[in-house]
Every structure is written in C-alpha cells, then in structure tokens.
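J.: File data-v3.cif follows (mmCIF, C-alpha atoms and all ligand atoms):
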```
data_start
#
loop_
_atom_site.label_atom_id
_atom_site.label_comp_id
_atom_site.auth_asym_id
_atom_site.auth_seq_id
_atom_site.Cartn_x
_atom_site.Cartn_y
_atom_site.Cartn_z
CA MET D 84 15.45 10.32 49.29
CA ALA D 85 18.09 9.92 46.64
CA VAL D 86 19.31 7.23 44.33
CA SER D 87 23.00 7.98 43.96
CA ARG D 88 23.84 5.98 40.87
CA LEU D 89 23.79 2.80 38.87
CA GLY D 90 26.06 0.88 41.21
CA TYR D 91 26.48 -2.36 39.33
CA ALA D 92 25.50 -4.04 36.11
CA HIS D 93 25.39 -7.82 36.44
CA VAL D 94 25.35 -9.48 33.01
CA ARG D 95 25.63 -12.94 31.52
CA VAL D 96 28.44 -13.97 29.20
CA THR D 97 28.74 -17.14 27.14
CA ASP D 98 32.49 -17.57 27.58
CA MET D 99 34.19 -16.22 30.70
CA ALA D 100 37.74 -16.34 29.31
CA GLU D 101 36.82 -14.19 26.30
CA ALA D 102 34.72 -11.87 28.45
CA LYS D 103 37.54 -11.37 30.94
CA ASP D 104 39.90 -10.50 28.13
CA HIS D 105 37.47 -7.85 26.86
CA TYR D 106 36.53 -6.23 30.16
CA ALA D 107 40.05 -6.35 31.62
CA ASN D 108 42.38 -5.89 28.65
CA THR D 109 40.28 -3.83 26.23
CA MET D 110 38.12 -1.84 28.66
CA GLY D 111 40.76 -1.69 31.38
CA LEU D 112 38.61 -2.74 34.34
CA TYR D 113 40.24 -4.13 37.49
CA GLU D 114 39.23 -7.60 38.62
CA THR D 115 38.37 -7.40 42.33
CA HIS D 116 36.89 -10.81 43.03
CA ALA D 117 35.93 -14.14 41.47
CA GLU D 118 33.70 -16.87 42.86
CA GLY D 119 32.03 -19.80 41.12
CA ASN D 120 30.97 -18.70 37.65
CA LYS D 121 31.18 -14.99 38.46
CA THR D 122 33.89 -12.37 38.04
CA TYR D 123 33.71 -8.89 39.61
CA TYR D 124 35.25 -5.69 38.29
CA LYS D 125 35.64 -2.05 39.16
CA ALA D 126 36.90 0.84 37.04
CA TRP D 127 39.85 2.96 38.13
CA ASP D 128 37.94 5.99 39.41
CA GLU D 129 35.38 3.95 41.32
CA TRP D 130 35.76 3.27 45.03
CA ASP D 131 33.15 0.62 45.71
CA HIS D 132 34.07 -3.04 45.41
CA HIS D 133 32.58 -3.60 41.95
CA SER D 134 30.47 -2.05 39.22
CA VAL D 135 30.39 -4.92 36.72
CA VAL D 136 29.64 -8.56 37.47
CA LEU D 137 30.04 -11.17 34.74
CA GLU D 138 28.23 -14.47 35.13
CA GLU D 139 29.03 -17.34 32.79
CA GLY D 140 26.04 -18.89 30.98
CA GLY D 141 23.77 -17.12 28.52
CA VAL D 142 23.70 -13.47 27.51
CA GLY D 143 21.89 -10.33 28.63
CA LEU D 144 21.11 -8.71 31.94
CA VAL D 145 20.87 -10.53 35.26
CA LYS D 146 20.19 -7.39 37.31
CA PHE D 147 21.15 -3.83 38.12
CA GLY D 148 22.21 -2.61 41.55
CA TRP D 149 21.23 0.94 42.50
CA LYS D 150 23.15 2.61 45.31
CA VAL D 151 21.24 5.03 47.54
CA ASP D 152 22.64 7.88 49.63
CA TYR D 153 21.06 6.91 52.97
CA SER D 154 20.13 3.53 54.41
CA SER D 155 16.65 4.91 55.14
CA ASP D 156 16.21 5.31 51.37
CA ILE D 157 15.94 1.54 51.09
CA ASP D 158 12.81 1.52 53.28
CA GLU D 159 11.38 4.49 51.45
CA ILE D 160 11.87 2.85 48.05
CA GLU D 161 10.38 -0.39 49.37
CA LYS D 162 7.29 1.55 50.47
CA ARG D 163 6.97 3.37 47.18
CA ALA D 164 7.51 0.27 45.02
CA THR D 165 4.93 -1.65 47.05
CA ALA D 166 2.49 1.23 46.65
CA PHE D 167 3.11 1.10 42.91
CA GLY D 168 2.06 -2.56 42.97
CA VAL D 169 5.45 -4.21 42.71
CA THR D 170 6.43 -7.13 44.96
CA VAL D 171 9.57 -6.31 46.92
CA GLU D 172 11.81 -8.81 48.70
CA ARG D 173 14.56 -8.18 51.19
CA MET D 174 18.10 -9.18 50.37
CA SER D 175 20.74 -9.55 53.02
CA LYS D 176 24.37 -8.62 53.23
CA GLY D 177 26.51 -11.10 51.36
CA GLU D 178 23.89 -12.29 48.88
CA ASN D 179 25.97 -10.18 46.53
CA ALA D 180 29.66 -10.29 47.37
CA GLU D 181 30.72 -7.19 49.36
CA ILE D 182 27.25 -5.60 49.11
CA GLY D 183 25.11 -4.86 52.17
CA ASP D 184 21.44 -5.36 53.01
CA GLY D 185 18.86 -4.12 50.56
CA ILE D 186 15.80 -4.92 48.53
CA ARG D 187 15.12 -6.65 45.24
CA PHE D 188 12.18 -6.37 42.89
CA THR D 189 11.21 -6.95 39.28
CA THR D 190 10.22 -3.75 37.52
CA PRO D 191 7.12 -3.35 35.33
CA SER D 192 9.59 -3.80 32.42
CA ASP D 193 10.62 -7.25 33.78
CA HIS D 194 14.12 -6.22 34.80
CA VAL D 195 15.53 -7.15 38.20
CA PHE D 196 16.66 -4.19 40.32
CA GLU D 197 18.45 -4.31 43.64
CA VAL D 198 18.74 -1.31 45.92
CA TYR D 199 21.50 -1.08 48.52
CA HIS D 200 23.40 1.46 50.57
CA GLU D 201 26.56 -0.32 51.66
CA ALA D 202 29.38 -1.72 49.55
CA THR D 203 32.92 -2.52 50.60
CA CYS D 204 35.03 0.53 49.80
CA ILE D 205 38.24 -0.36 47.99
CA GLY D 206 39.15 3.19 46.96
CA THR D 207 40.02 4.63 43.58
CA GLU D 208 43.27 3.71 41.88
CA VAL D 209 44.70 7.18 42.63
CA GLY D 210 43.65 7.29 46.27
CA THR D 211 42.44 10.37 48.13
CA HIS D 212 45.67 11.79 49.57
CA ASN D 213 47.19 14.32 47.13
CA PRO D 214 45.90 12.18 44.28
CA ASP D 215 47.28 12.23 40.77
CA ALA D 216 44.99 12.92 37.81
CA PHE D 217 44.86 9.35 36.57
CA PRO D 218 46.72 6.07 37.10
CA ARG D 219 49.88 5.94 35.02
CA HIS D 220 49.52 2.36 33.82
CA LEU D 221 45.98 2.15 32.56
CA VAL D 222 45.20 -0.84 30.35
CA GLY D 223 43.39 -0.42 27.01
CA VAL D 224 40.60 2.16 27.03
CA GLY D 225 41.02 2.57 30.78
CA VAL D 226 37.45 3.65 31.50
CA PRO D 227 37.07 5.52 34.79
CA ALA D 228 33.55 4.39 35.69
CA LEU D 229 30.27 2.72 34.79
CA ASP D 230 27.86 5.42 33.62
CA HIS D 231 24.32 4.41 32.60
CA SER D 232 22.20 1.85 30.81
CA LEU D 233 19.44 1.61 28.20
CA ILE D 234 16.85 -1.12 28.56
CA THR D 235 13.73 -1.98 26.56
CA ALA D 236 10.14 -2.27 27.76
CA GLU D 237 6.77 -2.70 26.11
CA ASP D 238 5.52 0.46 27.85
CA PRO D 239 8.28 3.06 28.38
CA GLY D 240 5.64 5.48 29.67
CA LEU D 241 4.85 3.09 32.51
CA MET D 242 8.58 2.83 33.34
CA ASP D 243 8.82 6.64 33.26
CA ARG D 244 6.03 6.80 35.86
CA PHE D 245 7.56 3.95 37.86
CA LEU D 246 11.03 5.52 38.04
CA THR D 247 9.51 8.88 38.92
CA ALA D 248 7.31 7.47 41.67
CA VAL D 249 9.74 4.94 43.16
CA PHE D 250 13.25 6.33 42.52
CA ASP D 251 12.31 10.02 42.38
CA PHE D 252 13.95 10.15 38.94
CA PHE D 253 12.99 12.84 36.43
CA PRO D 254 13.08 12.71 32.64
CA THR D 255 15.64 14.91 30.87
CA GLU D 256 14.64 13.93 27.33
CA ARG D 257 11.87 11.93 25.75
CA VAL D 258 10.89 10.59 22.35
CA GLN D 259 7.12 10.89 21.92
CA THR D 260 4.72 10.07 19.09
CA SER D 261 3.82 13.78 18.91
CA LEU D 262 3.93 16.99 20.92
CA ASP D 263 0.33 16.50 22.04
CA ASP D 264 -0.42 15.99 25.72
CA ASP D 265 -1.78 12.50 25.07
CA ALA D 266 1.24 11.39 23.00
CA ASP D 267 2.74 7.98 23.68
CA ILE D 268 6.25 7.84 25.10
CA ILE D 269 8.59 5.88 22.81
CA ALA D 270 11.69 6.40 24.92
CA THR D 271 12.69 8.27 28.06
CA TRP D 272 16.05 9.34 29.55
CA MET D 273 15.93 9.56 33.34
CA THR D 274 18.17 10.65 36.19
CA SER D 275 18.18 11.61 39.85
CA GLY D 276 20.72 14.44 39.69
CA ASN D 277 23.07 16.33 37.40
CA GLN D 278 24.11 13.27 35.39
CA ILE D 279 22.25 13.55 32.08
CA HIS D 280 20.86 10.02 32.36
CA GLN D 281 21.28 7.06 34.65
CA LEU D 282 18.73 4.85 32.94
CA ALA D 283 16.98 5.18 29.60
CA VAL D 284 14.03 3.06 28.51
CA LEU D 285 13.17 2.40 24.87
CA ALA D 286 10.03 0.75 23.47
CA GLY D 287 10.77 -2.91 22.73
CA PRO D 288 10.50 -6.33 24.28
CA GLN D 289 10.24 -6.74 28.06
CA GLY D 290 13.33 -7.56 30.09
CA LYS D 291 15.95 -6.86 27.45
CA LEU D 292 19.25 -5.02 27.58
CA HIS D 293 20.11 -2.53 24.84
CA HIS D 294 23.47 -1.50 26.31
CA PHE D 295 25.34 -0.46 29.41
CA ALA D 296 27.84 2.36 29.14
CA PHE D 297 31.17 3.41 30.57
CA ARG D 298 32.12 7.05 31.09
CA LEU D 299 34.88 8.84 29.18
CA GLY D 300 36.08 12.44 29.30
CA ASP D 301 35.80 13.87 25.80
CA TRP D 302 35.86 13.33 22.02
CA VAL D 303 39.56 12.49 22.01
CA GLU D 304 39.07 9.66 24.49
CA VAL D 305 36.06 8.38 22.54
CA GLY D 306 38.09 8.37 19.32
CA ARG D 307 40.98 6.61 21.01
CA ALA D 308 38.59 3.98 22.38
CA ALA D 309 37.32 3.31 18.86
CA ASP D 310 40.92 2.91 17.64
CA LEU D 311 41.53 0.34 20.37
CA PHE D 312 38.37 -1.54 19.38
CA SER D 313 39.75 -1.89 15.87
CA MET D 314 43.08 -3.10 17.25
CA ASP D 315 41.34 -5.69 19.43
CA ASP D 316 38.78 -6.74 16.76
CA VAL D 317 35.86 -5.59 18.92
CA PRO D 318 32.75 -5.31 16.70
CA ILE D 319 31.72 -1.64 16.53
CA ASP D 320 27.99 -1.09 16.12
CA ILE D 321 28.25 2.64 15.40
CA GLY D 322 30.52 5.58 16.01
CA PRO D 323 32.41 7.52 17.03
CA THR D 324 29.46 9.88 16.72
CA ARG D 325 27.28 12.12 18.84
CA HIS D 326 23.82 11.52 20.25
CA GLY D 327 21.45 14.41 19.54
CA ILE D 328 19.65 13.23 22.66
CA THR D 329 21.86 14.07 25.71
CA ARG D 330 24.52 15.56 23.33
CA GLY D 331 26.86 12.77 24.46
CA GLN D 332 29.74 11.51 22.33
CA THR D 333 29.68 7.81 21.81
CA VAL D 334 30.82 4.49 20.40
CA TYR D 335 28.45 1.51 20.55
CA PHE D 336 30.22 -1.84 20.42
CA PHE D 337 29.73 -5.46 21.48
CA ASP D 338 31.38 -7.59 24.11
CA PRO D 339 32.48 -11.13 23.12
CA SER D 340 29.04 -12.53 24.03
CA GLY D 341 27.14 -9.95 21.99
CA ASN D 342 26.06 -7.68 24.87
CA ARG D 343 26.17 -4.11 23.62
CA ASN D 344 28.51 -1.76 25.48
CA GLU D 345 29.00 1.98 25.01
CA VAL D 346 31.65 4.51 25.85
CA PHE D 347 29.96 7.84 26.54
CA ALA D 348 31.45 11.29 27.04
CA GLY D 349 29.94 14.69 27.65
CA GLY D 350 26.25 15.32 27.91
CA TYR D 351 25.02 18.53 29.45
CA LEU D 352 24.14 18.94 33.13
CA ALA D 353 20.65 17.88 34.15
CA PHE D 354 18.51 19.88 36.56
CA ARG D 355 15.08 19.05 37.88
CA ASP D 356 13.68 22.42 36.78
CA ARG D 357 15.27 22.43 33.32
CA PRO D 358 12.57 22.12 30.64
CA MET D 359 12.61 18.61 29.18
CA ASN D 360 13.78 18.09 25.59
CA VAL D 361 11.19 16.37 23.40
CA TRP D 362 11.97 14.49 20.19
CA THR D 363 9.46 13.29 17.64
CA PRO D 364 9.91 10.18 15.45
CA ASP D 365 10.68 12.23 12.32
CA ALA D 366 13.91 13.35 14.01
CA LEU D 367 14.70 10.14 15.88
CA GLY D 368 17.58 9.30 13.52
CA LYS D 369 19.24 12.61 14.35
CA GLY D 370 18.36 12.23 18.01
CA VAL D 371 20.14 8.92 18.29
CA PHE D 372 22.97 9.33 15.74
CA TYR D 373 23.49 13.06 15.24
CA HIS D 374 25.76 12.74 12.19
CA ALA D 375 24.39 9.75 10.21
CA ARG D 376 20.88 11.08 11.02
CA GLU D 377 19.30 7.71 10.46
CA LEU D 378 18.95 4.66 12.65
CA ASN D 379 20.96 1.62 11.65
CA ASP D 380 19.34 -1.83 11.34
CA ALA D 381 20.66 -2.80 14.70
CA PHE D 382 19.45 0.07 16.91
CA THR D 383 15.95 -1.20 17.62
CA SER D 384 16.46 -4.90 16.91
CA VAL D 385 19.79 -5.94 18.40
CA LEU D 386 19.27 -6.65 22.09
CA THR D 387 20.41 -9.27 24.57
CA MET Y 70 37.62 -26.92 3.43
CA PRO Y 71 33.88 -26.43 3.15
CA THR Y 72 31.96 -24.17 0.82
CA VAL Y 73 28.80 -22.18 1.41
CA THR Y 74 26.28 -22.06 -1.43
CA ILE Y 75 23.76 -19.27 -1.20
CA HIS Y 76 20.27 -20.27 -2.32
CA PRO Y 77 18.66 -19.17 -4.64
CA THR Y 78 21.39 -17.14 -6.40
CA GLY Y 79 23.85 -20.05 -6.38
CA GLU Y 80 26.91 -18.09 -5.30
CA VAL Y 81 29.54 -20.43 -3.89
CA ILE Y 82 31.94 -19.19 -1.24
CA HIS Y 83 35.10 -20.85 -0.03
CA LEU Y 84 35.63 -21.06 3.73
CA GLU Y 85 38.82 -21.62 5.65
CA THR Y 86 38.81 -24.50 8.10
CA GLY Y 87 37.12 -23.46 11.33
CA GLU Y 88 35.65 -20.30 9.83
CA THR Y 89 32.07 -19.26 10.61
CA VAL Y 90 29.49 -18.69 7.87
CA LEU Y 91 29.37 -14.96 8.69
CA SER Y 92 33.11 -14.54 8.70
CA GLY Y 93 33.41 -16.46 5.41
CA LEU Y 94 30.80 -14.35 3.67
CA TYR Y 95 32.34 -11.08 4.86
CA ARG Y 96 35.83 -12.28 3.93
CA ALA Y 97 34.49 -13.02 0.45
CA GLY Y 98 33.31 -9.42 0.10
CA TYR Y 99 29.65 -9.86 1.03
CA SER Y 100 27.52 -8.05 3.57
CA TYR Y 101 24.07 -8.74 5.05
CA THR Y 102 22.15 -7.82 8.18
CA VAL Y 103 24.17 -8.69 11.25
CA GLY Y 104 24.30 -7.28 14.77
CA CYS Y 105 26.71 -8.24 17.50
CA ARG Y 106 28.70 -10.82 15.43
CA ARG Y 107 29.23 -12.60 18.74
CA GLY Y 108 26.24 -14.91 19.08
CA GLY Y 109 24.18 -12.76 21.43
CA CYS Y 110 21.48 -10.95 19.48
CA ALA Y 111 19.97 -13.60 17.15
CA ILE Y 112 19.75 -11.20 14.19
CA CYS Y 113 22.05 -13.17 11.88
CA LYS Y 114 19.92 -16.32 11.63
CA VAL Y 115 19.74 -17.95 8.20
CA ASP Y 116 18.30 -21.29 7.09
CA CYS Y 117 20.60 -24.19 6.37
CA LEU Y 118 19.03 -26.16 3.54
CA ALA Y 119 21.75 -28.79 3.17
CA GLY Y 120 24.96 -29.83 4.91
CA GLU Y 121 26.18 -29.86 8.49
CA PHE Y 122 27.60 -27.26 10.83
CA ALA Y 123 28.58 -26.97 14.48
CA TYR Y 124 28.64 -24.01 16.86
CA ASP Y 125 32.06 -22.88 18.01
CA HIS Y 126 30.73 -21.34 21.25
CA PRO Y 127 27.88 -22.17 23.59
CA ILE Y 128 24.71 -20.43 22.37
CA ALA Y 129 22.32 -18.93 24.95
CA ASP Y 130 18.80 -20.38 25.19
CA THR Y 131 17.48 -16.84 24.71
CA VAL Y 132 19.17 -16.76 21.30
CA LEU Y 133 18.33 -20.25 19.96
CA SER Y 134 15.22 -22.11 21.09
CA GLU Y 135 15.13 -25.87 21.51
CA ASP Y 136 13.37 -26.23 18.13
CA GLU Y 137 15.81 -23.93 16.37
CA ARG Y 138 18.67 -26.21 17.33
CA THR Y 139 17.28 -28.94 15.08
CA ASP Y 140 15.11 -27.22 12.45
CA GLY Y 141 17.93 -26.02 10.20
CA THR Y 142 18.19 -22.58 11.81
CA CYS Y 143 21.77 -21.44 11.49
CA LEU Y 144 23.10 -18.65 13.72
CA SER Y 145 25.57 -17.59 11.07
CA CYS Y 146 28.06 -15.69 13.26
CA ARG Y 147 28.75 -18.81 15.34
CA ALA Y 148 28.08 -21.64 12.85
CA VAL Y 149 31.15 -23.41 11.52
CA PRO Y 150 30.30 -25.73 8.56
CA THR Y 151 31.68 -29.24 8.88
CA THR Y 152 30.56 -30.17 5.35
CA ASP Y 153 29.63 -28.07 2.33
CA VAL Y 154 26.44 -26.23 3.22
CA THR Y 155 23.64 -24.49 1.36
CA ILE Y 156 22.02 -21.54 3.11
CA GLU Y 157 19.15 -19.20 2.41
CA LEU Y 158 18.92 -15.74 3.93
CA ARG Y 159 15.72 -14.66 5.61
CA GLY Y 160 14.05 -11.87 3.66
CA GLU Y 161 17.10 -10.34 2.02
CA ASP Y 162 19.95 -11.02 -0.39
CA VAL Y 163 23.63 -10.73 0.35
CA ARG Y 164 25.16 -7.49 -0.94
CA LEU Y 165 28.54 -7.56 -2.66
CA VAL Y 166 30.48 -4.70 -1.05
CA ASN Y 167 34.05 -5.65 -1.94
CA PRO Y 168 34.37 -7.23 -5.42
CA PHE Y 169 38.14 -7.63 -5.00
CA LEU Y 170 37.61 -9.99 -2.10
CA ARG Y 171 35.06 -11.87 -4.19
CA GLN Y 172 37.69 -12.50 -6.90
CA ILE Y 173 40.29 -13.66 -4.39
CA ASN Y 174 37.80 -16.00 -2.74
CA GLU Y 175 36.76 -17.45 -6.10
CA LYS Y 176 40.40 -18.23 -6.94
CA ALA Y 177 40.90 -19.86 -3.55
CA ARG Y 178 37.80 -21.95 -4.10
CA LEU Y 179 38.88 -23.17 -7.54
CA ARG Y 180 42.34 -23.96 -6.25
CA ALA Y 181 40.96 -25.96 -3.33
CA GLN Y 182 38.63 -27.78 -5.71
CA ALA Y 183 41.50 -28.69 -8.06
CA LEU Y 184 43.63 -29.78 -5.13
CA ALA Y 185 40.89 -32.05 -3.84
CA ALA Y 186 40.46 -33.61 -7.29
CA SER Y 187 44.19 -34.22 -7.93
CA PRO Y 188 46.17 -37.30 -6.77
CA ALA Y 189 47.33 -37.03 -3.16
CA GLY Y 190 50.09 -34.50 -2.67
CA ALA Y 191 50.15 -33.16 -6.25
CA VAL Y 192 49.74 -29.41 -6.50
CA PRO Y 193 48.08 -28.33 -9.72
CA LYS Y 194 49.49 -25.41 -11.70
CA GLU Y 195 47.54 -22.14 -11.74
S1 LIG N 401 25.10 -11.21 14.77
FE1 LIG N 401 24.30 -11.24 16.82
S2 LIG N 401 23.91 -13.39 17.05
FE2 LIG N 401 24.93 -13.34 15.12
FE FE N 402 23.88 5.10 26.24
#
```
Would you write out, as structure tokens, the structure that this file holds?

T.:
Amino acid sequence: MAVSRLGYAHVRVTDMAEAKDHYANTMGLYETHAEGNKTYYKAWDEWDHHSVVLEEGGVGLVKFGWKVDYSSDIDEIEKRATAFGVTVERMSKGENAEIGDGIRFTTPSDHVFEVYHEATCIGTEVGTHNPDAFPRHLVGVGVPALDHSLITAEDPGLMDRFLTAVFDFFPTERVQTSLDDDADIIATWMTSGNQIHQLAVLAGPQGKLHHFAFRLGDWVEVGRAADLFSMDDVPIDIGPTRHGITRGQTVYFFDPSGNRNEVFAGGYLAFRDRPMNVWTPDALGKGVFYHARELNDAFTSVLT
Amino acid sequence: MPTVTIHPTGEVIHLETGETVLSGLYRAGYSYTVGCRRGGCAICKVDCLAGEFAYDHPIADTVLSEDERTDGTCLSCRAVPTTDVTIELRGEDVRLVNPFLRQINEKARLRAQALAASPAGAVPKE
C-alpha cells in the first residue's frame, strides 16, 4: 500500500484573472484545461493532467487529491479510513476532469481528501526520449512540480495517527510540548517515502490551509524566485530563508487571493527507520525560520 | 482624494484615488500587522468610525461575515475610501517606519487641501 504523492491541490481564488496571471506568468505553470469557474494547471516536470486547480469564489482549500501507486490501494485506504471512523464516499471517473475513480472523505481535521490512481498522462515538457534537462522557455519562476502542503487542525496528534493508520505515512519531524512520552503534538511533518514531507499539520483552526508548496532545486533558484516576486509585486511573507525543520530552503508568499504559497528546495531524505527529529516550543522560531529564529506575526495566524 | 484619519492619535494620511487603506498607510511610511495583503486572511481588519469605503475585489464569506459587512469592520487591504474616513486599529498603533514617506505624504495632503479650497482650476503656489 503506498500513497505516491500529493497529486493535486484544489483551491479557491477570489479573482480568476489575477490568479491566472500569478500561477501562469509568475509561477510558470501550464494551463491544461478550463471549465466553468475552474482552471487546471500542471508544472513542467509533471506528467499527469494537473496538479493545481483554481476555482473562482472565496479563498482557501477545496480539497487535496492523493495519487496512489496501485488501484487496489484505493480499496485498502477506504477500509482503513472506515475503520478509523471516517465516512468514505466513492467518486467516479470524470467527477474531476481527467481523474479516474476513487474515494473522497473528510479528515478528522475537516479537510476534504480524494484518493485516486488514474489521471490522464500528458507527459513532462521535456518528454521521455533523450530528454533535455529543462524546457528552454520557462516562464517566471518555472517551478517543476507541486511538492507538499501544511494545513491546520485542532488536534495535530489525531491527524498524525490518522495519516499513519490510513495512508501509512510516518512522521519525520514533530514539534511537541516537551520530550516526555505524554507530550502533546503541536505540529507533525509526514511522508510516505523519501520526500521529507508530503503533508504537515500544525495546531490551529479546523479545515484551514497554511500553504501549499512548489519544488525548486537549490538556494540559487529560491533566491531567483524571490527576485521575481519583487518584480511582480507578489507579497512575500518571509524569506528567502531556511527551515530548521526539514532543512528546506524557502520563500513564503501569497497568491492574489491571499492563499499562502511556498517555493521549497532541499530537505534531507526521509527513511522509515530514521529516528524522528523532535523540536520543543523554545526552539520553534529556529525550527520554522532558521535565520530569523523567531516566528513572525503571520506564521500562526494568517490562514485561508 | 480622500484622507484617512487614525483614531485616537489623529494622524491624517492622504490617499490617491482608488488606493486602499493599507496601501495608503504603507505609502505614507506606516506599518501595522498585516498578512497576505490580498484580502484572504482577515488579519488586517480595522474599525471604520466615520466615512464610507468600498471593496475593490469580492471578499470571501470566510473572511468577512454578514455582520462585518455592515458593522464598520474594514478589511484594510481591500477597502478603498470613497469619502474621508476615520479608522481605529484593533489592539495596536501604527508604527512609523519611513519618516521620509511621511513628509512627502504630508506635503501631498496639504497641497490637495489647498487645491480643493482654491477657485476651480487655480493652482496655489507652494
Ligand atoms: S492582509 Fe490578509 S486580508 Fe488583509
Ligand atoms: Fe512548506
């Protein structure tokens, strides 16, 4: 049983024209489809039909799509989620454009997750036959792929157990009230494989989005992204800096509707048997922003 | 061109036509607690004690409740004053971070005031 990755982030935007300008011209995503009040995008090094869906009206998260390695994983996850006490419904091919059959449920954190195995394969922008290293005419930041997300929940410990039991995720890092066995979990970074995190959960209100992140290669690309954000008047929340947690290099910034985005590079390899890193609240500032070493006003309060 | 008066300190800030409260305050050298600056996170709410404003973008229901649309709540990053307004921040004061901008804004305000008071078309000397 294996969740492959965060397949798509489906978010609300208040103004589609402004949002399209940001995701296409600043981030460099490729529009693959539009229907009704929705626009679909993929990044250049992704092969599936889309990884970002924008829906006009409101702000914040509509849902996440999680792609699994085998179609039998869908049944297995349905079984496990039901056993955990979550109500699961079936979704059929076409309910999401170019996405196959799957399941849908609301997590204990009040976020909507979909799980699927099939998506129309468009192919990366460099192809698979003697491919070049990157497309020559990237636009703006030119992100290669969607990477991960951070959401908030009243009980991150419950979400840690849920993701472990249902998705077979494991935590790579945690923030806890103390090092004691009975400590409360304030935040958890979870994954199914070598990627340092696919989903992180921070204590906060139910059902909210902190950010979703795009992958970059290294510090230089992160710095260049920040330069482009200044050129395009994209509000930067913080960065470029490093996260102590995951060791990733980052810029947090906002899309034109106020949804927080991130570009994220680096992060060490995760392994199931690697001892988990534990952070305590006295070092949370350094854990989140490794150089400023203190949280900004916005980190825990600015959500959509 | 409207002005923003900050209660209770009485600072008066000159806005360009179509400018939001947040943008005007920052362009006049002030800073206060803001988040996304794009109408999504609800952090930048202030109270509008007098005057009228309109929102220059649709505001999500998760950001402004039904009541907050009529009770004087002003989402400052999206609120464009249509008359002179008086606002009060919630639990903090504005911080002057760029005094040079403050001076420039004050000059612009006095000039606009003089222009408004003079006979139509006449431009007062500095
Ligand atoms: S700063 Fe986020 S809504 Fe105004
Ligand atoms: Fe992140």

J.: At what distance in Å, to one decimal, does CA of Ala185 (chain Y) lie from CA of Ile82 (chain Y)?

T.: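 The value is 15.9 Å.
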
J.: Residues of chain D were defined as contacting chain Y if any atom lay at most 6 Å from it, counting all atoms listed in the file; please report them as a list of chain:residue names.

T.: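 Every residue of chain D that passes the 6 Å test is in D:Gly141, D:Phe337, D:Pro339, D:Ser340, D:Gly341, D:Ala381, D:Val385, D:Leu386, D:Thr387.
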
J.: So which one's closest to Val305 (chain D), D:Val258, D:Val145, D:Ala348, D:Leu292? Using only C-alpha atoms, please.

T.: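 Among the listed residues, the smallest separation from Val305 (chain D) belongs to D:Ala348.
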
J.: Using all atoms listed in the file, which residues of the polymer chains come no farther than 7 Å from ligand FE 402 (chain N)? I'd like the answer as a PDB file with C-alpha atoms, keeping the file's coordinate frame.

T.:
```
ATOM      1  CA  HIS D 231      24.320   4.410  32.600  1.00  0.00           C
ATOM      2  CA  SER D 232      22.200   1.850  30.810  1.00  0.00           C
ATOM      3  CA  LEU D 233      19.440   1.610  28.200  1.00  0.00           C
ATOM      4  CA  HIS D 294      23.470  -1.500  26.310  1.00  0.00           C
ATOM      5  CA  PHE D 295      25.340  -0.460  29.410  1.00  0.00           C
ATOM      6  CA  ALA D 296      27.840   2.360  29.140  1.00  0.00           C
ATOM      7  CA  GLU D 345      29.000   1.980  25.010  1.00  0.00           C
ATOM      8  CA  PHE D 347      29.960   7.840  26.540  1.00  0.00           C
TER       9      PHE D 347
END
```

J.: Smallest atom-to-atom distance to ligand LIG 401 (chain N): which of Y:Ala148, Y:Ala123, Y:Leu84, Y:Leu94, using all atoms listed in the file?

T.: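 Of Y:Ala148, Y:Ala123, Y:Leu84, Y:Leu94, the one nearest ligand LIG 401 (chain N), counting all atoms listed in the file, is Y:Ala148.
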
J.: With all atoms listed in the file as the counted atoms, please give the residues lying no more than 6 Å from region 149-166 of chain Y, apart from itself and same-chain residues fewer than 3 positions off, as a ChimeraX atom specification.

T.: /Y:71-76,87-89,98-101,115-124

J.: Report the distance between CA of Asp243 (chain D) and CA of Pro191 (chain D) in Å, rounded to one decimal place.

T.: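 Value for the CA of Asp243 (chain D)-CA of Pro191 (chain D) distance: 10.3 Å.
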
J.: Counting only C-alpha atoms and all ligand atoms, figure out which residue out of Y:Arg138, Y:His83, Y:Arg96, Y:Lys114 gets nearest to ligand LIG 401 (chain N).

T.: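 Closest to ligand LIG 401 (chain N) of all the choices is Y:Lys114.
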
J.: Point out the residue among D:Arg343, D:Arg355, D:Lys291, D:Arg219 with the least atom-to-atom distance to ligand LIG 401 (chain N), counting only C-alpha atoms and all ligand atoms.

T.: D:Arg343
